[in-house]
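**Student:** What follows is the file run.txt, containing compact mmCIF, C-alpha atoms and all ligand atoms:
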# COMPACT_ATOMS: atom_id res chain seq x y z
CA MET D 1 44.92 -11.42 -37.73
CA ASP D 2 45.79 -15.11 -37.98
CA LEU D 3 42.24 -16.31 -37.86
CA LEU D 4 41.31 -14.06 -40.76
CA ASN D 5 44.11 -15.52 -42.87
CA GLU D 6 42.99 -19.03 -42.07
CA ILE D 7 39.41 -18.13 -43.01
CA ARG D 8 40.67 -16.74 -46.30
CA ARG D 9 42.42 -20.02 -46.96
CA GLY D 10 39.03 -21.68 -46.43
CA SER D 11 39.96 -23.68 -43.34
CA PRO D 12 36.79 -25.31 -41.97
CA ARG D 13 38.15 -25.03 -38.43
CA ALA D 14 38.72 -21.32 -38.84
CA ILE D 15 35.22 -20.86 -40.26
CA ALA D 16 33.78 -22.77 -37.31
CA ARG D 17 35.76 -20.62 -34.86
CA ALA D 18 34.70 -17.43 -36.59
CA ILE D 19 31.08 -18.45 -36.46
CA SER D 20 31.20 -19.24 -32.73
CA LEU D 21 33.03 -15.99 -32.09
CA VAL D 22 30.32 -14.09 -33.94
CA GLU D 23 27.62 -16.01 -32.09
CA ASN D 24 29.16 -14.99 -28.77
CA ASN D 25 29.27 -11.48 -30.09
CA GLY D 26 32.27 -10.09 -28.26
CA VAL D 27 34.78 -7.37 -29.05
CA ARG D 28 37.00 -9.90 -30.85
CA ALA D 29 34.11 -10.82 -33.13
CA GLN D 30 33.79 -7.21 -34.19
CA ALA D 31 37.46 -6.85 -35.00
CA LEU D 32 37.28 -10.08 -36.99
CA MET D 33 34.14 -9.06 -38.87
CA LYS D 34 35.76 -5.80 -39.91
CA GLY D 35 38.52 -7.83 -41.55
CA VAL D 36 36.03 -10.28 -43.01
CA PHE D 37 34.07 -7.46 -44.62
CA ALA D 38 37.19 -5.98 -46.10
CA CYS D 39 38.18 -9.15 -47.95
CA ARG D 40 34.96 -10.89 -48.89
CA ARG D 41 34.32 -11.84 -52.49
CA ASP D 42 30.90 -12.24 -54.06
CA ALA D 43 29.32 -15.68 -53.78
CA VAL D 44 26.00 -16.50 -55.41
CA VAL D 45 23.55 -16.39 -52.50
CA LEU D 46 20.54 -18.65 -52.97
CA GLY D 47 17.56 -18.18 -50.67
CA ILE D 48 15.44 -21.31 -50.42
CA THR D 49 12.08 -21.00 -48.73
CA GLY D 50 8.69 -22.67 -48.51
CA ALA D 51 6.15 -23.94 -46.03
CA PRO D 52 7.30 -26.32 -43.26
CA GLY D 53 8.02 -29.86 -44.44
CA THR D 54 7.99 -29.13 -48.18
CA GLY D 55 11.43 -30.74 -48.56
CA LYS D 56 13.75 -27.72 -48.41
CA SER D 57 16.50 -29.45 -46.43
CA THR D 58 16.32 -32.56 -48.59
CA LEU D 59 16.66 -30.35 -51.68
CA VAL D 60 19.53 -28.37 -50.18
CA ASP D 61 21.28 -31.63 -49.43
CA GLN D 62 20.86 -32.73 -53.04
CA MET D 63 21.97 -29.37 -54.38
CA ILE D 64 25.12 -29.49 -52.25
CA GLY D 65 25.91 -32.83 -53.87
CA ARG D 66 25.55 -31.31 -57.35
CA PHE D 67 27.55 -28.18 -56.66
CA ARG D 68 30.30 -30.23 -55.04
CA ALA D 69 30.37 -32.54 -58.04
CA TYR D 70 31.00 -29.47 -60.22
CA GLY D 71 33.84 -28.54 -57.88
CA LYS D 72 32.06 -25.55 -56.34
CA SER D 73 32.49 -24.84 -52.65
CA VAL D 74 29.29 -24.28 -50.71
CA GLY D 75 28.27 -22.64 -47.44
CA ILE D 76 24.89 -23.28 -45.83
CA VAL D 77 22.91 -21.09 -43.46
CA ALA D 78 19.97 -23.00 -42.00
CA VAL D 79 17.58 -20.66 -40.24
CA ASP D 80 15.38 -22.56 -37.86
CA PRO D 81 12.32 -20.65 -36.84
CA SER D 82 11.08 -22.85 -34.02
CA SER D 83 14.00 -23.92 -31.84
CA PRO D 84 16.06 -21.25 -30.10
CA PHE D 85 18.99 -23.56 -29.39
CA THR D 86 19.87 -26.98 -30.75
CA GLY D 87 16.34 -28.25 -31.09
CA GLY D 88 15.02 -31.18 -33.04
CA ALA D 89 14.80 -29.49 -36.38
CA ILE D 90 18.43 -28.39 -36.34
CA LEU D 91 19.55 -31.80 -35.25
CA GLY D 92 17.45 -33.34 -38.01
CA ASP D 93 19.05 -31.05 -40.57
CA ARG D 94 22.51 -31.82 -39.27
CA ILE D 95 21.93 -35.54 -39.53
CA ARG D 96 20.39 -35.22 -42.96
CA MET D 97 23.35 -33.21 -44.21
CA MET D 98 25.86 -35.38 -42.41
CA ARG D 99 27.13 -37.17 -45.47
CA HIS D 100 28.67 -33.88 -46.55
CA SER D 101 30.00 -32.87 -43.17
CA VAL D 102 33.43 -34.40 -43.64
CA ASP D 103 33.79 -32.61 -46.94
CA GLU D 104 36.10 -29.59 -46.72
CA GLY D 105 34.35 -27.80 -49.55
CA MET D 106 31.22 -27.08 -47.58
CA PHE D 107 30.11 -25.79 -44.23
CA ILE D 108 26.77 -25.57 -42.44
CA ARG D 109 25.68 -22.98 -39.94
CA SER D 110 22.38 -23.58 -38.18
CA MET D 111 20.95 -20.66 -36.33
CA ALA D 112 17.88 -19.80 -34.38
CA THR D 113 15.63 -16.95 -35.38
CA ARG D 114 14.53 -16.26 -31.84
CA GLY D 115 16.95 -15.15 -29.23
CA HIS D 116 19.14 -13.25 -31.68
CA LEU D 117 19.58 -9.94 -29.95
CA GLY D 118 21.32 -8.66 -33.03
CA GLY D 119 18.53 -9.57 -35.43
CA LEU D 120 18.21 -12.11 -38.18
CA ALA D 121 19.56 -9.88 -40.95
CA LYS D 122 22.75 -9.32 -38.96
CA ALA D 123 23.24 -13.01 -38.20
CA THR D 124 22.55 -14.03 -41.81
CA GLY D 125 24.70 -11.25 -43.23
CA GLU D 126 27.58 -12.24 -40.97
CA ALA D 127 27.39 -15.88 -41.93
CA ILE D 128 27.30 -14.96 -45.64
CA ALA D 129 30.26 -12.58 -45.22
CA ILE D 130 32.34 -15.25 -43.44
CA TYR D 131 31.60 -17.76 -46.20
CA GLU D 132 32.44 -15.18 -48.84
CA ALA D 133 35.73 -14.33 -47.15
CA ALA D 134 36.46 -18.07 -47.12
CA GLY D 135 35.95 -18.11 -50.88
CA LYS D 136 32.71 -20.12 -50.94
CA GLU D 137 31.22 -19.81 -54.40
CA VAL D 138 27.66 -20.66 -53.47
CA VAL D 139 25.83 -19.83 -50.22
CA LEU D 140 22.47 -21.48 -49.58
CA VAL D 141 20.16 -19.87 -47.02
CA GLU D 142 17.27 -22.12 -45.97
CA THR D 143 14.36 -20.49 -44.13
CA VAL D 144 10.78 -21.50 -43.52
CA GLY D 145 8.60 -19.03 -45.36
CA VAL D 146 6.22 -18.35 -42.53
CA GLY D 147 7.55 -15.69 -40.18
CA GLN D 148 7.87 -12.13 -41.46
CA ASP D 149 11.59 -11.96 -40.63
CA GLU D 150 12.38 -15.21 -42.41
CA VAL D 151 10.57 -14.06 -45.54
CA GLU D 152 12.31 -10.69 -45.46
CA VAL D 153 15.73 -12.28 -45.12
CA VAL D 154 15.22 -14.69 -47.99
CA LYS D 155 14.10 -11.79 -50.20
CA LEU D 156 17.62 -10.43 -49.94
CA ALA D 157 19.30 -13.41 -51.59
CA ASP D 158 20.61 -13.06 -55.15
CA LEU D 159 18.19 -15.75 -56.31
CA ILE D 160 15.02 -16.80 -54.51
CA LEU D 161 13.86 -20.40 -54.77
CA LEU D 162 10.33 -21.10 -53.57
CA VAL D 163 9.48 -24.71 -52.75
CA LEU D 164 5.87 -25.77 -53.19
CA THR D 165 4.28 -29.21 -53.02
CA PRO D 166 1.18 -30.70 -54.65
CA GLY D 167 -1.95 -29.54 -52.91
CA ALA D 168 -0.26 -26.38 -51.66
CA GLY D 169 -3.17 -24.10 -52.55
CA ASP D 170 -3.23 -22.65 -49.05
CA ASP D 171 0.50 -22.02 -49.08
CA ILE D 172 0.16 -20.05 -52.28
CA GLN D 173 -2.44 -17.84 -50.64
CA THR D 174 -0.04 -17.25 -47.75
CA PHE D 175 2.91 -16.50 -49.99
CA LYS D 176 0.98 -14.32 -52.38
CA ALA D 177 1.54 -11.22 -50.30
CA GLY D 178 5.30 -11.40 -50.56
CA ILE D 179 7.37 -14.08 -52.08
CA MET D 180 5.29 -15.26 -55.06
CA GLU D 181 5.91 -12.07 -57.01
CA ILE D 182 9.63 -12.07 -56.57
CA ALA D 183 10.65 -15.74 -56.52
CA ASP D 184 13.11 -16.43 -59.34
CA ILE D 185 12.58 -20.19 -59.49
CA PHE D 186 9.51 -22.19 -58.48
CA ILE D 187 10.22 -25.72 -57.33
CA LEU D 188 7.38 -28.18 -57.29
CA ASN D 189 8.81 -30.79 -54.93
CA LYS D 190 7.26 -34.15 -54.01
CA ALA D 191 6.38 -34.53 -57.68
CA ASP D 192 5.95 -38.23 -56.86
CA SER D 193 2.77 -37.43 -54.92
CA ALA D 194 -0.72 -37.34 -56.39
CA GLY D 195 -1.78 -34.07 -57.97
CA ALA D 196 1.67 -32.88 -59.07
CA ASP D 197 0.63 -32.26 -62.68
CA LYS D 198 -2.53 -30.47 -61.68
CA MET D 199 -0.58 -28.30 -59.29
CA GLU D 200 1.92 -27.47 -62.03
CA ARG D 201 -0.88 -26.33 -64.35
CA GLN D 202 -2.47 -24.23 -61.62
CA LEU D 203 0.80 -22.64 -60.66
CA LYS D 204 1.71 -21.78 -64.25
CA ALA D 205 -1.75 -20.34 -64.90
CA MET D 206 -1.45 -18.24 -61.79
CA LEU D 207 2.03 -17.03 -62.66
CA GLU D 208 0.90 -16.07 -66.16
CA LEU D 209 -1.79 -13.85 -64.70
CA GLY D 210 0.70 -11.87 -62.70
CA LEU D 211 3.44 -11.61 -65.30
CA ALA D 212 2.75 -8.37 -67.18
CA ASP D 213 5.91 -7.91 -69.26
CA LYS D 214 8.19 -10.26 -67.34
CA ASP D 215 9.31 -13.67 -68.58
CA MET D 216 7.71 -16.75 -67.11
CA PRO D 217 9.90 -17.87 -64.20
CA PRO D 218 11.07 -21.49 -64.36
CA VAL D 219 8.82 -24.06 -62.71
CA ILE D 220 10.81 -27.20 -61.95
CA LYS D 221 9.38 -30.48 -60.72
CA THR D 222 11.58 -32.40 -58.29
CA VAL D 223 11.56 -35.51 -56.13
CA ALA D 224 14.16 -34.41 -53.63
CA THR D 225 14.33 -37.76 -51.83
CA LYS D 226 15.43 -39.41 -55.10
CA GLY D 227 17.42 -36.52 -56.49
CA LYS D 228 15.06 -36.27 -59.48
CA GLY D 229 14.98 -32.90 -61.21
CA VAL D 230 17.87 -31.59 -59.13
CA ALA D 231 20.28 -31.47 -62.11
CA THR D 232 17.74 -29.33 -64.00
CA LEU D 233 17.30 -27.14 -60.95
CA VAL D 234 21.02 -26.54 -60.51
CA ALA D 235 21.44 -25.87 -64.24
CA GLU D 236 18.66 -23.29 -64.02
CA VAL D 237 20.30 -21.68 -60.98
CA GLU D 238 23.58 -21.42 -62.86
CA ARG D 239 21.88 -19.99 -65.93
CA LEU D 240 20.02 -17.33 -63.92
CA ALA D 241 23.00 -16.52 -61.72
CA GLY D 242 24.99 -15.92 -64.89
CA SER D 243 22.39 -13.82 -66.64
CA GLN D 244 20.82 -12.11 -63.67
CA ASN D 245 20.61 -8.39 -64.10
CA ARG D 246 23.55 -7.10 -62.09
CA ARG D 247 21.82 -3.92 -61.04
CA PHE D 248 18.98 -5.95 -59.65
CA GLN D 249 21.38 -8.19 -57.74
CA GLU D 250 23.22 -5.14 -56.49
CA ALA D 251 19.97 -3.64 -55.21
CA ARG D 252 19.17 -6.79 -53.20
CA ARG D 253 22.67 -6.87 -51.76
CA LYS D 254 22.52 -3.25 -50.73
CA LYS D 255 19.21 -3.87 -49.04
CA LEU D 256 20.68 -6.74 -47.03
CA LEU D 257 23.61 -4.57 -46.02
CA ALA D 258 21.26 -1.75 -45.00
CA TRP D 259 19.28 -4.19 -42.84
CA MET D 260 22.47 -5.51 -41.36
CA LEU D 261 23.73 -2.04 -40.55
CA ARG D 262 20.44 -1.27 -38.84
CA ASP D 263 20.71 -4.46 -36.78
CA VAL D 264 24.29 -3.67 -35.79
CA LEU D 265 23.25 -0.13 -34.81
CA ARG D 266 20.31 -1.37 -32.79
CA GLU D 267 22.52 -3.84 -30.98
CA LYS D 268 25.21 -1.27 -30.23
CA ILE D 269 22.70 1.25 -28.97
CA PHE D 270 21.10 -1.40 -26.81
CA ARG D 271 24.50 -2.34 -25.42
CA VAL D 272 25.34 1.28 -24.57
CA ILE D 273 22.00 1.54 -22.82
CA SER D 274 22.39 -1.62 -20.75
CA GLN D 275 25.97 -0.77 -19.83
CA ASN D 276 24.99 2.65 -18.60
CA ILE D 277 21.98 1.84 -16.53
CA PRO D 278 23.22 0.88 -13.04
CA ASP D 279 22.25 -2.52 -11.66
CA GLY D 280 19.01 -2.33 -9.83
CA GLU D 281 17.81 0.83 -11.50
CA ILE D 282 15.35 -0.99 -13.75
CA ALA D 283 14.02 -2.87 -10.71
CA ARG D 284 13.75 0.38 -8.75
CA LEU D 285 11.84 2.02 -11.60
CA ALA D 286 9.58 -1.01 -11.92
CA GLY D 287 8.71 -0.49 -8.27
CA LYS D 288 7.83 3.15 -8.92
CA ILE D 289 5.70 2.18 -11.91
CA TYR D 290 3.98 -0.47 -9.79
CA ARG D 291 3.15 2.16 -7.17
CA ARG D 292 1.68 4.33 -9.93
CA GLU D 293 4.23 7.06 -9.30
CA THR D 294 5.30 6.98 -12.94
CA ASP D 295 4.92 4.95 -16.15
CA PRO D 296 7.31 3.04 -18.49
CA TYR D 297 7.15 5.71 -21.22
CA THR D 298 8.14 8.62 -19.01
CA GLU D 299 10.98 6.62 -17.47
CA ALA D 300 12.25 5.40 -20.85
CA ASP D 301 12.34 9.01 -22.08
CA ARG D 302 14.23 10.07 -18.94
CA LEU D 303 16.79 7.28 -19.30
CA ILE D 304 17.35 8.11 -22.95
CA ALA D 305 17.76 11.81 -22.22
CA ARG D 306 20.38 10.93 -19.62
CA LEU D 307 22.24 8.57 -21.96
CA ARG D 308 22.17 10.85 -24.97
CA GLN D 309 25.63 12.26 -24.48
CA LYS D 310 27.10 8.76 -24.31
CA LEU D 311 25.63 7.69 -27.65
N1 LIG R 401 7.52 -38.29 -51.19
C1 LIG R 401 8.43 -37.34 -51.06
N2 LIG R 401 8.85 -36.98 -49.84
C2 LIG R 401 9.77 -36.01 -49.75
C3 LIG R 401 10.31 -35.37 -50.89
N3 LIG R 401 11.20 -34.44 -50.48
C4 LIG R 401 11.23 -34.49 -49.14
N4 LIG R 401 10.38 -35.44 -48.69
C5 LIG R 401 10.11 -35.79 -47.28
O1 LIG R 401 9.43 -34.72 -46.67
C6 LIG R 401 9.83 -34.61 -45.29
C7 LIG R 401 10.29 -33.20 -45.00
O2 LIG R 401 11.50 -32.95 -45.69
P1 LIG R 401 12.51 -31.81 -45.23
O3 LIG R 401 13.59 -31.77 -46.24
O4 LIG R 401 12.86 -31.93 -43.82
O5 LIG R 401 11.57 -30.54 -45.40
P2 LIG R 401 11.86 -29.05 -44.93
O6 LIG R 401 11.11 -28.20 -45.88
O7 LIG R 401 13.32 -28.81 -44.82
O8 LIG R 401 11.21 -29.02 -43.51
P3 LIG R 401 11.34 -27.87 -42.39
O9 LIG R 401 12.77 -27.39 -42.39
O10 LIG R 401 10.95 -28.54 -41.13
O11 LIG R 401 10.38 -26.80 -42.80
C8 LIG R 401 10.91 -35.66 -45.08
O12 LIG R 401 10.33 -36.79 -44.50
C9 LIG R 401 11.39 -35.95 -46.49
O13 LIG R 401 11.91 -37.26 -46.61
C10 LIG R 401 9.84 -35.79 -52.19
O14 LIG R 401 10.24 -35.28 -53.23
N5 LIG R 401 8.90 -36.76 -52.19
MG MG R 402 14.49 -27.98 -43.17
Please express what this file holds, its structure, as structure tokens.
Ligand SMILES: Nc1nc2c(ncn2[C@@H]2O[C@H](COP(=O)(O)OP(=O)(O)OP(=O)(O)O)[C@@H](O)[C@H]2O)c(=O)[nH]1
Ligand SMILES: [Mg+2]
**Tutor:**
Amino acid sequence: MDLLNEIRRGSPRAIARAISLVENNGVRAQALMKGVFACRRDAVVLGITGAPGTGKSTLVDQMIGRFRAYGKSVGIVAVDPSSPFTGGAILGDRIRMMRHSVDEGMFIRSMATRGHLGGLAKATGEAIAIYEAAGKEVVLVETVGVGQDEVEVVKLADLILLVLTPGAGDDIQTFKAGIMEIADIFILNKADSAGADKMERQLKAMLELGLADKDMPPVIKTVATKGKGVATLVAEVERLAGSQNRRFQEARRKKLLAWMLRDVLREKIFRVISQNIPDGEIARLAGKIYRRETDPYTEADRLIARLRQKL
């Protein structure tokens, strides 16, 4: 397929076309994705998460600058939890990252969490695979660490970067259940605000408590708006990406692929179901349920029994 070859050459236009194809989710997208999967190479996938407004996008922007300066090509997946289409946050991110947008070595995909029939793991996995087929060396996935899905998706990156800010005591409580234990790098952004040193001490003390036999993960102070600490951060990413236990990385990758496969399955099954239920049948059944002649559970079981042969 021509498009696949163009993607493999890293053409930004081809990547853009592939991403819209995948978003529209047609038969052509599937054929393309099969090819994409067959030829993708491994990029380093960085998951960057943290509470809203902690400076993730500003940091990503700065990191892009660094990676590009080292000659590395970068793909970005910006997962926006609040706006289903092109809402304010996406637009804000686009504008903020604009100074890189004419640069052929990088590409940004913004996507909504809600309204993805296929699921977030599928959408993220597809974007990563397209970037990898295009030969991107680094893929940055930005998600807000609040929703369960967003946290789960970021956990599947090769390296997890958690962004905290001074006075983020409450955030730490929220993250404790999931991401704190597995984050590979802790970023203390807005280090120009009051309380940064105190926060650093608290964070380190807390991390020490939970360490057992593991090494202390890096805690890096940054001022994203001024680019301060970003060189250290990128150096640390490179060091960890180089030394990261391959089996561990492999396990995270396999988990992402398992999630993706589940999402693809769910979507296909759902499609078979909707294609095989005649127009008006759902409305007719709703009428019966309304008249108390039946209930949604019984009717769902009946529909599934009828569709079983087709699955
Ligand atoms: N003082 C200060 N402000 C910062 C710093 N980093 C980011 N900001 C500001 O914090 C605000 C939020 O930054 P974003 O990069 O949009 O944060 P975000 O985490 O991507 O936000 P969401 O995607 O909405 O969750 C912006 O006004 C930034 O200019 C920093 O190091 N110091
Ligand atoms: Mg952002």
**Student:** For the interface of chain D with ligand LIG 401 (chain R) (cut-off 7 Å, counting only C-alpha atoms and all ligand atoms), please tabulate each contacting residue of chain D alongside its nearest pair of atoms and their separation in Å to one decimal, rows sorted by chain and increasing number, as CSV.
**Tutor:**
residue,atom,partner,partner_atom,distance
D:Gly50,CA,R:LIG401,O6,6.6
D:Ala51,CA,R:LIG401,O11,6.0
D:Pro52,CA,R:LIG401,O11,3.2
D:Gly53,CA,R:LIG401,O8,3.4
D:Thr54,CA,R:LIG401,O6,4.0
D:Gly55,CA,R:LIG401,O5,3.2
D:Lys56,CA,R:LIG401,O6,3.7
D:Ser57,CA,R:LIG401,O7,3.6
D:Thr58,CA,R:LIG401,O3,3.7
D:Leu59,CA,R:LIG401,O3,6.4
D:Ala89,CA,R:LIG401,O10,6.2
D:Val144,CA,R:LIG401,O11,5.4
D:Asn189,CA,R:LIG401,O14,5.0
D:Lys190,CA,R:LIG401,O14,3.3
D:Ala191,CA,R:LIG401,O14,5.9
D:Asp192,CA,R:LIG401,N5,5.7
D:Ser193,CA,R:LIG401,N1,6.1
D:Thr222,CA,R:LIG401,O14,6.0
D:Val223,CA,R:LIG401,O14,3.2
D:Ala224,CA,R:LIG401,O14,4.0
D:Thr225,CA,R:LIG401,N3,4.8
D:Lys226,CA,R:LIG401,O14,6.9
**Student:** Could you work out how far atom CA of D:Ile160 lies from atom CA of D:Arg8, giving the answer in Å with one decimal?
**Tutor:** 26.9 Å
**Student:** Choose the residue, out of D:Pro166, D:Gly26, D:Gly287, D:Gly145, that has the smallest atom-to-atom separation from D:Ile187; count all atoms listed in the file.
**Tutor:**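 Distance minimum relative to D:Ile187 lands on D:Pro166.
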**Student:** Would you mind telling me which residue in D:Ile128, D:Met63, D:Ile19, D:Ala196 lies nearest to D:Val234 when using only C-alpha atoms?
**Tutor:**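 Checking each of D:Ile128, D:Met63, D:Ile19, D:Ala196 against D:Val234, counting only C-alpha atoms, the winner is D:Met63.
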**Student:** So the first atom is atom CA of D:Ile304 and the second is atom CA of D:Ala121; what is the distance between them in Å, to one decimal place?
**Tutor:** 25.5 Å
**Student:** Under the rule that all atoms listed in the file are counted, which of D:Ala78, D:Ala18, D:Ile64, D:Leu156 is the nearest residue to D:Met260?
**Tutor:**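 Between D:Ala78, D:Ala18, D:Ile64, D:Leu156, the residue approaching D:Met260 most closely is D:Leu156.
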**Student:** May I have the protein, DNA and RNA residues with an atom at most 12 Å from (36.7, -20.6, -46.5), counting only C-alpha atoms in the file's coordinates, returned as number ranges by chain?
**Tutor:** D: 3-19, 36, 39-41, 43, 72-75, 104-108, 127-139
**Student:** For stretch 255-257 of chain D, list every protein, DNA or RNA residue within 12 Å, evaluated using all atoms listed in the file, and leave out those in the same chain fewer than 3 positions away; present the list as a list of chain:residue names.
**Tutor:**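 Answer for this query is D:Phe37, D:Val45, D:Leu120, D:Ala121, D:Lys122, D:Ala123, D:Thr124, D:Gly125, D:Glu126, D:Ile128, D:Ala129, D:Glu152, D:Val153, D:Val154, D:Lys155, D:Leu156, D:Ala157, D:Asp158, D:Phe248, D:Gln249, D:Glu250, D:Ala251, D:Arg252, D:Met260, D:Leu261, D:Arg262, D:Asp263, D:Val264.
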**Student:** In Å, rounded to a single decimal, give me how far atom CA of D:Phe67 is from atom CA of D:Met216.
**Tutor:**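 That distance, rounded to one decimal, is 25.2 Å.
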